[in-house]
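Before any comments, here is the structure.
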Amino acid sequence: MLRLEKLVKTYKTGDQALKSVDLEIPQGQVLALIGPSGAGKSTMIRCINRLVDPTSGQIWLEDTELTSLSSGGLRRKRREMGMIFQEYALVERLTVMENVLSGRLGYVGFWRSFTRRYPQESVDEAFRLLDRVGLLAMADKRADELSGGQRQRVGICRALIQNPKLLLVDEPTASLDPKTSRQIMRLICELCEERGLAAIINIHDVALAKMFVQRVVGLRFGAIEFDGRPEALTPDVLTTIYGEEDWEATIEKVDDEDDDAPTHPEVAAL
Amino acid sequence: MPVYEKEGTKVWQRRTQAESLMRWAAWLTATAVFVYCWQQISEATTWFFVWDAPRIAEDIWTRATPPRWEYITQLGRPIWDTLNIATLGTLIALCFAVPVAFMAARNTTPSATFVRPIALLIIVSTRSINSLIWALLLIAVIGPGVLAGVVAIAIRSIGFCAKLIYEAIEEIDHTQVEAITATGASRWQVMAYGIVPQIAPAFAGVAVFRWDINIRESTVLGLVGAGGIGLQLSSSLNILAWPQVSLILLVILAAVVLSEWVSAKVREAII
Amino acid sequence: MSTELDAVLGQRWKKPPLIKRRWLRWTIGIGSLAYLVAAFMTIDVNWARVYEGLDRGAAFILAFTSPDFVSRASDIWEGLLESIIMTVAASVVGIAISIPIGLGAARNIAPLPIYLICRGIVAISRALQEIIVAILLVAIFGFGPLAGFLTLSFATIGFLSKLLAEDIESMDKVQAEAIKASGARWLQWINYGVQPQVMPRLVGLSMYRVDINFRESAILGLVGAGGIGATLNTAFDRYEYDTAAAILILIILIVMSLEYLSGIIRARVQ
């Protein structure tokens with residue numbers, strides 16, 4: 001359903017974030033992407049919906065090649081890919097309902113979206129989704145009044161109301177406590193199963209990944225080091241992904257480097 | 001932090017000798033410049049008038065008190081005009097300031113090489129020149145009256161508002177914009193959903209802040225003929241009607257205090 | 001499916017209004033509309049005069065492409081020099097006076113009577129605009145730069161003392177207390193405990209005030225208080241737009257260079 005062919009991304013600074021990545025994901029598969037920060041996980045996810053433009057290579061979503069699309073065509077294809085962010089990325093000064101409905105922006109014209117007159121079926125769907133994640137009562141609250149876990153649920157609703165075929169999930173649990181992290185991961189995986197969605201979940205908590213997904217891909221220095229079932233993730237394999245050293249120590253070291261990793265080129269350019 | 005030996009003991013000084021010398025030279029130059037400036041002012045001053053100043057001040061004070069209270073009946077229209085100049089001027093300025101700000105902000109400008117410098121030029125040139133000078137210019141062009149005042153205030157405020165708004169735009173959280181983009185939203189939708197809600201509080205704050213300043217400025221625009229209460233001030237000064245002048249000054253003072261209070265309340269309510 | 005969900009499905013959704021109370025919302029809306037209409041109606045515009053003036057407006061804009069620095073060079077030079085002299089002298093004196101007043105207007109370091117006196121000075125200085133002060137001072141001291149110098153000094157005190165006092169009031173108490181605990185006298189305490197904390201901001205604000213003083217000095221000439229304003233006024237009266245354009249360009253250039261300079265100084269101090 002999604003196929004990456006020889007995907008390469010080199011930033012202007014010369015950092016090669018992705019080195020010729022090939023990957024294929026069938027319909028309905030939930031895949032966890034693991035690897036140290038700076039390995040290119042975030043870049044890969046952002047290349048798929050072209051928040052970051054890949055340097056070369058091809059991305060096939062079903063029968064469409066994404067890298068050569070015009071801006072209008074890209075917008076239509078982005079509707080089919082829901083994205084969930086690490087820091088929730090809700091528009092904090094809008095209400096929960098507006099945040100959920102903003103997932104329909106690709107389907108409505110500017111004026112309708114500006115006056116908040118969404119079609120009734122979108123509104124009903126938004127209510128259904130909010131009910132599904134248990135936030136129906138919060139619909140008219142402002143997003144910045146919510147707790148972290150609640151915000152992430154709203155983020156999930158926003159991605160799902162796009163009616164996507166694929167979910168791109170970028171570190172969904174990095175800002176959450178362990179219990180909420182599990183709840184959110186469970187929710188994402190349940191929803192994917194209910195709707196038959198494929199998903200790429202970029203995650204650095206290996207234990208959490210093993211708990212929920214059918215397939216794990218390990219990325220290191222922009223290249224795929226491991227691709228297989230979670231049970232096959234032995235400490236030896238983790239050592240190859242996270243480096244020669246004791247890999248638990250590497251994770252900690254990597255957390256410090258999180259800020260300067262070229263995952264947000266737009267911010268770095270400022 | 002230089003530490004060196006002198007007669008066998010360690011001496012600590014805050015600065016090295018070269019540094020101290022530099023500082024002395026800088027202070028000396030600064031003092032010399034100030035003395036020169038003062039001499040120039042002093043030369044241009046008729047000191048006889050200055051020694052006479054206390055007497056003149058007392059004279060003006062006795063003439064100006066008590067204020068001519070009944071004159072207030074003639075000030076209704078000028079006060080209304082002053083309020084309109086400030087309010088309409090601010091509204092017009094905001095209409096222009098928003099697009100200029102979007103063109104000037106690094107993250108929203110359509111072209112950093114062509115459009116952004118033009119926007120910055122608009123900001124700096126409208127900001128550098130006082131509204132009284134704009135009023136002077138506009139009176140020469142479109143004639144004296146309230147309209148010249150409104151336009152003068154509007155032009156002066158564009159740069160001020162646009163500068164503060166574009167700084168707010170540059171500080172927005174980028175991931176929120178990214179999230180809206182990822183849903184397949186168009187350029188304008190991204191602006192309406194991702195950027196506008198984030199800068200709305202800053203925008204409202206700037207608007208009220210500038211309105212407060214504009215009330216102050218519009219009270220004196222009449223001095224050059226651009227309408228408002230300043231016209232009455234100017235004509236009262238010309239006929240040396242000091243009791244009227246003191247009343248007008250009291251009214252202006254009240255307007256300034258009132259507008260500051262209003263703007264503080266509104267800003268509190270928004271933020 | 002919960003009962004609350006059934007209740008909202010099929011219902012139209014509207015963004016909750018900014019002002020909750022309906023009557024207040026309508027009153028404010030209609031009131032502002034009525035005000036705007038009344039305001040527009042009461043501006044009497046002599047459209048014939050405006051139309052006539054358009055040529056002159058065009059002439060003025062054209063004058064910016066060919067500003068005349070030469071024919072009134074000596075007037076412009078003298079006026080600018082006088083403006084700069086007033087700016088420098090008034091900034092020095094104003095800053096020197098506003099430091100003690102700023103200290104006195106900070107509630108956490110000044111005793112109550114001094115606090116009230118200093119706050120009173122600040123309030124008076126802020127409430128009176130430069131141009132009105134200038135009119136009064138010209139009436140008292142006669143025409144010339146002395147009145148302008150005094151006006152700008154007085155305005156500087158109100159501006160700088162207030163911001164300095166606010167800065168001192170919000171400073172870190174612990175640092176100041178540590179110095180006090182070492183047995184320092186009042187002046188020593190100010191020098192070691194307070195000054196280092198507020199110095200960078202004081203320098204920044206002073207530079208900003210120099211910038212404002214220059215801009216204000218350009219208008220004081222309109223009421224006879226010296227500076228470039230008189231030259232500018234004459235140029236407008238004689239419809240010498242090319243000279244006026246030259247003066248305005250010079251003012252803009254000086255303000256720009258002052259801003260640039262203050263940017264550098266602020267960056268160095270911090």
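Within each chain, counting starts at residue 1; across the structure tokens, chains are named A, B, ... in the order shown, with ligands numbered 1 upward in that order.
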
Would you please give, as an MDAnalysis selection string, all residues of range 51-270 of chain A that DSSP assigns to strand (DSSP E or B) based on the backbone?
chainID A and resid 56:61 64:65 81:84 95 142 166:170 198:202 215:220 223:228

Serialized selection, N, CA and C atoms, as a JSON list (two decimals), in the first residue's frame:
[["chain", "number", "residue", "atom", "x", "y", "z"],
["A", 56, "SER", "N", 15.91, 12.60, -3.15],
["A", 56, "SER", "CA", 15.65, 11.75, -4.31],
["A", 56, "SER", "C", 14.93, 10.49, -3.85],
["A", 57, "GLY", "N", 14.51, 9.68, -4.83],
["A", 57, "GLY", "CA", 13.78, 8.47, -4.49],
["A", 57, "GLY", "C", 12.30, 8.65, -4.76],
["A", 58, "GLN", "N", 11.54, 7.58, -4.55],
["A", 58, "GLN", "CA", 10.12, 7.63, -4.85],
["A", 58, "GLN", "C", 9.29, 7.12, -3.69],
["A", 59, "ILE", "N", 8.09, 7.67, -3.57],
["A", 59, "ILE", "CA", 7.16, 7.23, -2.54],
["A", 59, "ILE", "C", 5.85, 6.90, -3.25],
["A", 60, "TRP", "N", 5.43, 5.66, -3.14],
["A", 60, "TRP", "CA", 4.18, 5.25, -3.78],
["A", 60, "TRP", "C", 3.13, 5.02, -2.72],
["A", 61, "LEU", "N", 2.03, 5.79, -2.81],
["A", 61, "LEU", "CA", 0.87, 5.52, -1.97],
["A", 61, "LEU", "C", -0.16, 4.92, -2.89],
["A", 64, "THR", "N", -0.19, 6.10, -6.62],
["A", 64, "THR", "CA", 0.26, 7.46, -6.89],
["A", 64, "THR", "C", 1.68, 7.66, -6.40],
["A", 65, "GLU", "N", 2.47, 8.31, -7.21],
["A", 65, "GLU", "CA", 3.83, 8.63, -6.80],
["A", 65, "GLU", "C", 3.80, 10.02, -6.17],
["A", 81, "MET", "N", -3.45, 10.71, 4.45],
["A", 81, "MET", "CA", -2.44, 10.35, 5.44],
["A", 81, "MET", "C", -2.64, 11.20, 6.69],
["A", 82, "GLY", "N", -3.13, 10.58, 7.75],
["A", 82, "GLY", "CA", -3.31, 11.31, 9.01],
["A", 82, "GLY", "C", -2.00, 11.35, 9.77],
["A", 83, "MET", "N", -1.74, 12.45, 10.44],
["A", 83, "MET", "CA", -0.47, 12.54, 11.17],
["A", 83, "MET", "C", -0.74, 12.87, 12.64],
["A", 84, "ILE", "N", 0.00, 12.20, 13.51],
["A", 84, "ILE", "CA", -0.11, 12.45, 14.94],
["A", 84, "ILE", "C", 1.27, 12.85, 15.45],
["A", 95, "THR", "N", -10.90, 25.63, 19.99],
["A", 95, "THR", "CA", -11.57, 24.65, 20.83],
["A", 95, "THR", "C", -11.23, 23.24, 20.35],
["A", 142, "ARG", "N", -11.34, 24.87, 25.35],
["A", 142, "ARG", "CA", -10.17, 25.25, 24.54],
["A", 142, "ARG", "C", -9.08, 24.21, 24.72],
["A", 166, "LEU", "N", -3.68, 5.75, 5.87],
["A", 166, "LEU", "CA", -2.39, 5.53, 6.51],
["A", 166, "LEU", "C", -2.24, 6.54, 7.65],
["A", 167, "LEU", "N", -1.71, 6.07, 8.78],
["A", 167, "LEU", "CA", -1.42, 7.00, 9.87],
["A", 167, "LEU", "C", 0.09, 7.15, 9.99],
["A", 168, "LEU", "N", 0.54, 8.40, 10.08],
["A", 168, "LEU", "CA", 1.94, 8.67, 10.34],
["A", 168, "LEU", "C", 2.01, 9.18, 11.78],
["A", 169, "VAL", "N", 2.68, 8.46, 12.64],
["A", 169, "VAL", "CA", 2.64, 8.80, 14.06],
["A", 169, "VAL", "C", 4.07, 9.09, 14.51],
["A", 170, "ASP", "N", 4.31, 10.33, 14.95],
["A", 170, "ASP", "CA", 5.65, 10.75, 15.31],
["A", 170, "ASP", "C", 5.79, 10.85, 16.83],
["A", 198, "ALA", "N", -3.24, 1.22, 7.90],
["A", 198, "ALA", "CA", -1.81, 0.99, 8.08],
["A", 198, "ALA", "C", -1.26, 2.14, 8.89],
["A", 199, "ALA", "N", -0.17, 1.89, 9.64],
["A", 199, "ALA", "CA", 0.40, 2.98, 10.43],
["A", 199, "ALA", "C", 1.90, 2.81, 10.55],
["A", 200, "ILE", "N", 2.59, 3.93, 10.54],
["A", 200, "ILE", "CA", 4.01, 3.93, 10.88],
["A", 200, "ILE", "C", 4.13, 4.69, 12.19],
["A", 201, "ILE", "N", 4.56, 4.00, 13.24],
["A", 201, "ILE", "CA", 4.68, 4.66, 14.54],
["A", 201, "ILE", "C", 6.16, 4.80, 14.86],
["A", 202, "ASN", "N", 6.57, 6.02, 14.92],
["A", 202, "ASN", "CA", 7.95, 6.34, 15.22],
["A", 202, "ASN", "C", 8.06, 6.43, 16.74],
["A", 215, "ARG", "N", 5.18, -5.49, 13.56],
["A", 215, "ARG", "CA", 6.42, -5.43, 12.80],
["A", 215, "ARG", "C", 7.25, -4.26, 13.31],
["A", 216, "VAL", "N", 8.55, -4.48, 13.42],
["A", 216, "VAL", "CA", 9.45, -3.43, 13.89],
["A", 216, "VAL", "C", 10.52, -3.19, 12.84],
["A", 217, "VAL", "N", 10.78, -1.91, 12.55],
["A", 217, "VAL", "CA", 11.89, -1.56, 11.65],
["A", 217, "VAL", "C", 12.87, -0.71, 12.44],
["A", 218, "GLY", "N", 14.14, -1.12, 12.43],
["A", 218, "GLY", "CA", 15.16, -0.36, 13.15],
["A", 218, "GLY", "C", 15.97, 0.47, 12.19],
["A", 219, "LEU", "N", 16.10, 1.75, 12.52],
["A", 219, "LEU", "CA", 16.81, 2.66, 11.63],
["A", 219, "LEU", "C", 18.08, 3.10, 12.34],
["A", 220, "ARG", "N", 19.19, 3.14, 11.60],
["A", 220, "ARG", "CA", 20.43, 3.66, 12.19],
["A", 220, "ARG", "C", 21.18, 4.45, 11.13],
["A", 223, "ALA", "N", 19.74, 4.36, 7.64],
["A", 223, "ALA", "CA", 19.61, 3.12, 6.88],
["A", 223, "ALA", "C", 18.91, 2.07, 7.73],
["A", 224, "ILE", "N", 18.18, 1.16, 7.07],
["A", 224, "ILE", "CA", 17.43, 0.15, 7.81],
["A", 224, "ILE", "C", 18.38, -0.96, 8.28],
["A", 225, "GLU", "N", 18.41, -1.20, 9.58],
["A", 225, "GLU", "CA", 19.30, -2.20, 10.16],
["A", 225, "GLU", "C", 18.54, -3.47, 10.53],
["A", 226, "PHE", "N", 17.23, -3.32, 10.77],
["A", 226, "PHE", "CA", 16.45, -4.46, 11.22],
["A", 226, "PHE", "C", 15.06, -4.33, 10.68],
["A", 227, "ASP", "N", 14.46, -5.46, 10.28],
["A", 227, "ASP", "CA", 13.09, -5.45, 9.82],
["A", 227, "ASP", "C", 12.51, -6.81, 10.14],
["A", 228, "GLY", "N", 11.61, -6.87, 11.10],
["A", 228, "GLY", "CA", 11.08, -8.18, 11.43],
["A", 228, "GLY", "C", 10.06, -8.12, 12.54]]

I'd like the contact shell of range 242-245 of chain C - 6 Å cut-off, only C-alpha atoms, skipping same-chain residues fewer than 4 positions apart - returned as a count of residues only.
6

Starting from chain B, keep only residues with some atom at most 9 Å from an atom of chain C, counting only C-alpha atoms, and report them as an NGL selection string.
:B and (33-38 or 40-42 or 44-47 or 49-57 or 60 or 80-81 or 83-85 or 88 or 124-130 or 132-133 or 136-138 or 140-143 or 145-147 or 216-217 or 220 or 223-224 or 249 or 252-253 or 256-257)

May I have the selected residues written with C-alpha atoms, as a CSV table (one decimal), in the first residue's frame?
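After the write, part_34.csv holds the following:
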chain,number,residue,atom,x,y,z
B,33,VAL,CA,30.6,65.9,23.7
B,34,PHE,CA,28.1,66.7,26.4
B,35,VAL,CA,30.0,70.0,27.3
B,36,TYR,CA,30.0,70.9,23.6
B,37,CYS,CA,26.3,70.3,23.3
B,38,TRP,CA,25.5,72.3,26.4
B,40,GLN,CA,25.8,75.2,21.8
B,41,ILE,CA,22.4,75.2,23.6
B,42,SER,CA,23.6,77.9,25.9
B,44,ALA,CA,21.4,79.8,21.3
B,45,THR,CA,19.6,80.8,24.5
B,46,THR,CA,18.7,84.4,25.5
B,47,TRP,CA,19.7,84.1,29.1
B,49,PHE,CA,14.6,85.5,29.4
B,50,VAL,CA,15.7,82.5,31.4
B,51,TRP,CA,16.5,84.6,34.5
B,52,ASP,CA,13.1,86.2,34.0
B,53,ALA,CA,11.4,82.8,33.7
B,54,PRO,CA,10.2,82.4,37.3
B,55,ARG,CA,8.4,85.7,37.1
B,56,ILE,CA,6.9,84.8,33.7
B,57,ALA,CA,5.8,81.4,35.0
B,60,ILE,CA,1.1,82.7,33.4
B,80,TRP,CA,-15.6,63.6,19.8
B,81,ASP,CA,-13.3,64.4,16.8
B,83,LEU,CA,-11.7,60.2,19.8
B,84,ASN,CA,-12.6,59.5,16.2
B,85,ILE,CA,-9.2,60.4,14.9
B,88,LEU,CA,-10.5,55.3,13.0
B,124,VAL,CA,10.9,51.7,9.4
B,125,SER,CA,9.8,54.8,7.4
B,126,THR,CA,6.3,55.1,8.8
B,127,ARG,CA,7.6,54.4,12.3
B,128,SER,CA,10.5,56.9,12.2
B,129,ILE,CA,8.3,59.9,11.4
B,130,ASN,CA,6.1,61.5,14.1
B,132,LEU,CA,2.6,65.5,13.7
B,133,ILE,CA,4.9,65.6,10.7
B,136,LEU,CA,1.8,68.6,8.4
B,137,LEU,CA,2.4,66.8,5.1
B,138,LEU,CA,-1.2,65.7,4.7
B,140,ALA,CA,-0.4,70.4,2.6
B,141,VAL,CA,-1.8,67.7,0.4
B,142,ILE,CA,-5.5,67.2,1.3
B,143,GLY,CA,-6.2,70.3,3.3
B,145,GLY,CA,-9.4,68.9,8.9
B,146,VAL,CA,-10.2,65.7,10.7
B,147,LEU,CA,-9.4,63.5,7.6
B,216,ARG,CA,-2.5,61.0,23.3
B,217,GLU,CA,-1.2,61.9,19.9
B,220,VAL,CA,-2.1,67.6,19.8
B,223,LEU,CA,-1.8,72.3,16.7
B,224,VAL,CA,-0.9,71.9,13.0
B,249,LEU,CA,-4.9,70.9,29.2
B,252,ILE,CA,-6.4,66.4,27.6
B,253,LEU,CA,-4.9,65.1,30.9
B,256,VAL,CA,-4.9,60.5,28.6
B,257,VAL,CA,-5.6,59.0,32.0

Range 209-215 of chain B: which residues within 7 Å, counting only C-alpha atoms, same-chain residues fewer than 5 positions away excluded, as JSON, numbers by chain?
{"B": [83, 86, 87, 90, 153, 256, 259, 260, 263]}

Kindly determine which residues of chain A lie within 7 Å of chain C, considering only C-alpha atoms, and give the answer as a ChimeraX atom specification.
/A:120,123-124,127-128,131,140

Store the residues picked out above in a file with N, CA, C and O atoms, as an mmCIF file, in the first residue's frame.
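Writing done, so here's result04.cif:
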data_model
loop_
_atom_site.group_PDB
_atom_site.id
_atom_site.type_symbol
_atom_site.label_atom_id
_atom_site.label_comp_id
_atom_site.auth_asym_id
_atom_site.auth_seq_id
_atom_site.Cartn_x
_atom_site.Cartn_y
_atom_site.Cartn_z
ATOM 1 N N GLN A 120 -22.697 18.659 7.793
ATOM 2 C CA GLN A 120 -23.234 17.996 8.972
ATOM 3 C C GLN A 120 -22.568 16.638 9.209
ATOM 4 O O GLN A 120 -22.318 16.261 10.353
ATOM 5 N N VAL A 123 -19.425 17.055 11.124
ATOM 6 C CA VAL A 123 -19.679 17.384 12.525
ATOM 7 C C VAL A 123 -20.079 16.128 13.291
ATOM 8 O O VAL A 123 -19.565 15.855 14.380
ATOM 9 N N ASP A 124 -20.967 15.323 12.694
ATOM 10 C CA ASP A 124 -21.392 14.085 13.357
ATOM 11 C C ASP A 124 -20.210 13.153 13.570
ATOM 12 O O ASP A 124 -20.045 12.566 14.640
ATOM 13 N N PHE A 127 -18.136 14.292 16.431
ATOM 14 C CA PHE A 127 -18.731 13.925 17.720
ATOM 15 C C PHE A 127 -18.528 12.445 18.006
ATOM 16 O O PHE A 127 -18.210 12.049 19.122
ATOM 17 N N ARG A 128 -18.695 11.614 16.972
ATOM 18 C CA ARG A 128 -18.522 10.164 17.165
ATOM 19 C C ARG A 128 -17.103 9.841 17.613
ATOM 20 O O ARG A 128 -16.885 9.064 18.533
ATOM 21 N N ASP A 131 -16.472 10.919 21.113
ATOM 22 C CA ASP A 131 -17.122 9.967 22.018
ATOM 23 C C ASP A 131 -16.276 8.707 22.131
ATOM 24 O O ASP A 131 -16.079 8.166 23.218
ATOM 25 N N ASP A 140 -16.333 21.721 23.583
ATOM 26 C CA ASP A 140 -16.236 23.175 23.473
ATOM 27 C C ASP A 140 -15.189 23.787 24.385
ATOM 28 O O ASP A 140 -15.128 24.997 24.552
#

Report as a PyMOL selection string all protein, DNA and RNA residues lying within 8 Å of range 191-196 of chain A, evaluated on only C-alpha atoms, omitting residues in the same chain fewer than 5 positions from it.
chain A and resi 27-28+30

Would you write out those residues with C-alpha atoms, as a CSV table (one decimal), in the first residue's frame?
chain,number,residue,atom,x,y,z
A,27,GLN,CA,-2.7,-2.7,4.0
A,28,GLY,CA,-3.7,-2.7,7.7
A,30,VAL,CA,1.0,-1.3,12.1

So which one's closest to chain B, A:Glu5, A:Glu125, A:Asp15, A:Glu87? Using only C-alpha atoms, please.
A:Glu87

May I have a table of the residues of chain B lying at most 9 Å from chain A, giving each one's closest pair of atoms and their distance in Å to one decimal, counting only C-alpha atoms, ordered by chain and ascending residue number, as a tab-separated table?
residue	atom	partner	partner_atom	distance
B:Arg106	CA	A:Leu270	CA	7.9
B:Asn107	CA	A:Leu270	CA	8.2
B:Asp173	CA	A:Ala89	CA	8.6
B:His174	CA	A:Val267	CA	7.7
B:Thr175	CA	A:Ala89	CA	5.5
B:Gln176	CA	A:Ala89	CA	4.6
B:Val177	CA	A:Ala89	CA	8.1
B:Glu178	CA	A:Leu51	CA	7.2
B:Ala179	CA	A:Ala89	CA	6.1
B:Ile180	CA	A:Ser102	CA	7.1
B:Thr181	CA	A:Leu51	CA	7.8
B:Ala182	CA	A:Arg78	CA	6.2
B:Thr183	CA	A:Gly103	CA	5.5
B:Gly184	CA	A:Arg75	CA	4.2
B:Ala185	CA	A:Gly106	CA	4.7
B:Ser186	CA	A:Gly106	CA	7.1
B:Trp188	CA	A:Phe110	CA	7.0
B:Gln189	CA	A:Phe110	CA	6.0
B:Val190	CA	A:Leu105	CA	8.9
B:Ala192	CA	A:Phe114	CA	6.9
B:Tyr193	CA	A:Val91	CA	7.5
B:Gly194	CA	A:Val91	CA	6.5
B:Ile195	CA	A:Val91	CA	8.8
B:Pro197	CA	A:Arg93	CA	5.9
B:Gln198	CA	A:Arg93	CA	6.7
B:Ala200	CA	A:Arg93	CA	8.9

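For the atom pair formed by CA of Ser66 in chain C and CA of Ala154 in chain B, the distance is 25.7 Å, given to one decimal.
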
Pick out each residue of range 142-241 of chain A that DSSP on the backbone tags as alpha helix (DSSP H); I need them as a PyMOL selection string.
chain A and resi 148-160+178-195+206-212+235-241

Using CA of Gly230 in chain B and CA of Ala135 in chain B as the two end points, give the distance in Å to one decimal.
12.4 Å
